[in-house]
Every structure is written in structure tokens, then in C-alpha cells.
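Novice: Let me begin by handing over the structure; questions about it come next.
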Amino acid sequence: MLIRPRTPEVRVPRLVGLMAMDAREAAAAQGVLLAAPDRPDFHRTVVDYVVRQYPPPGVEVARGAVVTVWFDFADGEGGGGAGVREPRLPTPGGGGMRRELDPPGDPFETVTG
């Protein structure tokens, strides 16, 4: 177990991508508190993943400061899943190896001439 010295300022840990229970543990280990405005039952939330946080990771804050985390994307932030991937029009043109090389011919072709 890592014992950190009691300093007046601490660095905000990276919480994005962590489950709620892991985010709470990481925040407590670093010396900051968590608030989740989109989860009134945040203390019971377990498997939801953090998608945003403020202040960002690495910022120095006073020990005991509140870090706000969100579990849902806000409007316009891309919470729509994978989205529509195909069909994409217009389709890309030919190219690649076919454009660079001649099509292969008969490997045993004899040249007469």
C-alpha cells in the first residue's frame, strides 16, 4: 500500500473509463471527493463507466476538493453509440495496389518475337 505524504495540494487522478466503484476508490486514494450530478444514487452506483470529469486529470487541486464525474454523454457529445457506418456514398474510387501494379498475366507466357 502506497502511503502518500499529507500535502495541501493533490493531483486529480484520471477517472474517465473507470467503473463507478473504481473511480470512488481512486479518488479516495488521491485525496479528492467525487460528485455525480447525473446520478443521485452515486454512492450505490457500481458498474457504470465514467465518460467525463472536471477538473481534468493531472491538475493540482486542494486536498478534499470535489471532482465532478458524469456517466452519460450530454446532448451533442456523441452518446449515440457506434452510429451508422455503411453505406457511405459516394464510394471511394479505385486505387491502391490495383492502381500501382499491372494485373498479373500468365506466369509461363513465352515471348516470341
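Each chain in the C-alpha cells gets a letter, A, B and so on, in the order shown; residues start at 1 in every chain, and ligands are counted from 1 in the order they appear.
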Leaving out A:Thr7 and any residue of its chain fewer than 3 positions from it, which residues lie within 10 Å of it when counting only C-alpha atoms, given as an mmCIF file with C-alpha atoms, in the first residue's frame?
Specialist:
data_model
loop_
_atom_site.group_PDB
_atom_site.id
_atom_site.type_symbol
_atom_site.label_atom_id
_atom_site.label_comp_id
_atom_site.auth_asym_id
_atom_site.auth_seq_id
_atom_site.Cartn_x
_atom_site.Cartn_y
_atom_site.Cartn_z
ATOM 1 C CA ARG A 4 1.293 9.483 0.374
ATOM 2 C CA VAL A 10 -3.002 16.773 -4.785
ATOM 3 C CA GLY A 31 -7.439 12.638 -1.553
ATOM 4 C CA ALA A 62 -6.615 21.326 -2.769
ATOM 5 C CA ARG A 63 -6.826 18.086 -0.811
#
Novice: Give the alpha helix (DSSP H) residues of stretch 12-80 of chain A, as assigned by DSSP on the backbone, as an NGL selection string.
Specialist: :A and (20-30)
Novice: With N, CA, C and O atoms kept, could you save the residues just selected as a JSON list (two decimals), in the first residue's frame?
Specialist:
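See out-v5.json below for the written result:
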[["chain", "number", "residue", "atom", "x", "y", "z"],
["A", 20, "ALA", "N", -17.75, 3.09, -11.65],
["A", 20, "ALA", "CA", -18.06, 3.99, -10.55],
["A", 20, "ALA", "C", -17.33, 3.59, -9.27],
["A", 20, "ALA", "O", -16.73, 4.44, -8.61],
["A", 21, "MET", "N", -17.35, 2.31, -8.92],
["A", 21, "MET", "CA", -16.71, 1.90, -7.66],
["A", 21, "MET", "C", -15.19, 2.10, -7.73],
["A", 21, "MET", "O", -14.57, 2.51, -6.75],
["A", 22, "ASP", "N", -14.58, 1.87, -8.91],
["A", 22, "ASP", "CA", -13.14, 2.08, -9.05],
["A", 22, "ASP", "C", -12.81, 3.57, -9.02],
["A", 22, "ASP", "O", -11.77, 3.96, -8.49],
["A", 23, "ALA", "N", -13.67, 4.39, -9.59],
["A", 23, "ALA", "CA", -13.46, 5.83, -9.57],
["A", 23, "ALA", "C", -13.50, 6.36, -8.14],
["A", 23, "ALA", "O", -12.69, 7.20, -7.76],
["A", 24, "ARG", "N", -14.45, 5.85, -7.34],
["A", 24, "ARG", "CA", -14.52, 6.28, -5.94],
["A", 24, "ARG", "C", -13.25, 5.90, -5.19],
["A", 24, "ARG", "O", -12.71, 6.69, -4.41],
["A", 25, "GLU", "N", -12.75, 4.68, -5.43],
["A", 25, "GLU", "CA", -11.53, 4.23, -4.75],
["A", 25, "GLU", "C", -10.31, 5.05, -5.18],
["A", 25, "GLU", "O", -9.49, 5.44, -4.36],
["A", 26, "ALA", "N", -10.20, 5.33, -6.48],
["A", 26, "ALA", "CA", -9.06, 6.10, -6.99],
["A", 26, "ALA", "C", -9.09, 7.53, -6.43],
["A", 26, "ALA", "O", -8.06, 8.08, -6.07],
["A", 27, "ALA", "N", -10.29, 8.11, -6.36],
["A", 27, "ALA", "CA", -10.41, 9.47, -5.83],
["A", 27, "ALA", "C", -10.05, 9.51, -4.35],
["A", 27, "ALA", "O", -9.32, 10.40, -3.91],
["A", 28, "ALA", "N", -10.54, 8.53, -3.60],
["A", 28, "ALA", "CA", -10.22, 8.49, -2.17],
["A", 28, "ALA", "C", -8.72, 8.30, -1.94],
["A", 28, "ALA", "O", -8.14, 8.93, -1.06],
["A", 29, "ALA", "N", -8.09, 7.45, -2.74],
["A", 29, "ALA", "CA", -6.65, 7.21, -2.59],
["A", 29, "ALA", "C", -5.86, 8.47, -2.90],
["A", 29, "ALA", "O", -4.79, 8.69, -2.32],
["A", 30, "GLN", "N", -6.36, 9.31, -3.80],
["A", 30, "GLN", "CA", -5.66, 10.54, -4.19],
["A", 30, "GLN", "C", -6.00, 11.70, -3.27],
["A", 30, "GLN", "O", -5.30, 12.70, -3.26]]
Novice: May I ask for the distance between atom CA of A:Val66 and atom CA of A:Ala35, given in Å to one decimal place?
Specialist: 6.6 Å
Novice: Can you work out the spacing between atom CA of A:Pro40 and atom CA of A:Leu15 in Å, to one decimal?
Specialist: 18.5 Å
Novice: Just the residues within 6 Å of stretch 51-60 of chain A, please, counting only C-alpha atoms, with nothing from its chain fewer than 2 positions along; format it as an NGL selection string.
Specialist: :A and (10-14 or 16 or 67-71)
Novice: Between atom CA of A:Gly17 and atom CA of A:Gly64, what is the distance in Å, rounded to a tenth?
Specialist: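 The value is 22.0 Å.
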Novice: Find, counting only C-alpha atoms, the residue in A:Thr110, A:Val50, A:Asp72, A:Glu9 that gets nearest to A:Leu34.
Specialist: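 Result for the nearest residue to A:Leu34: A:Val50.
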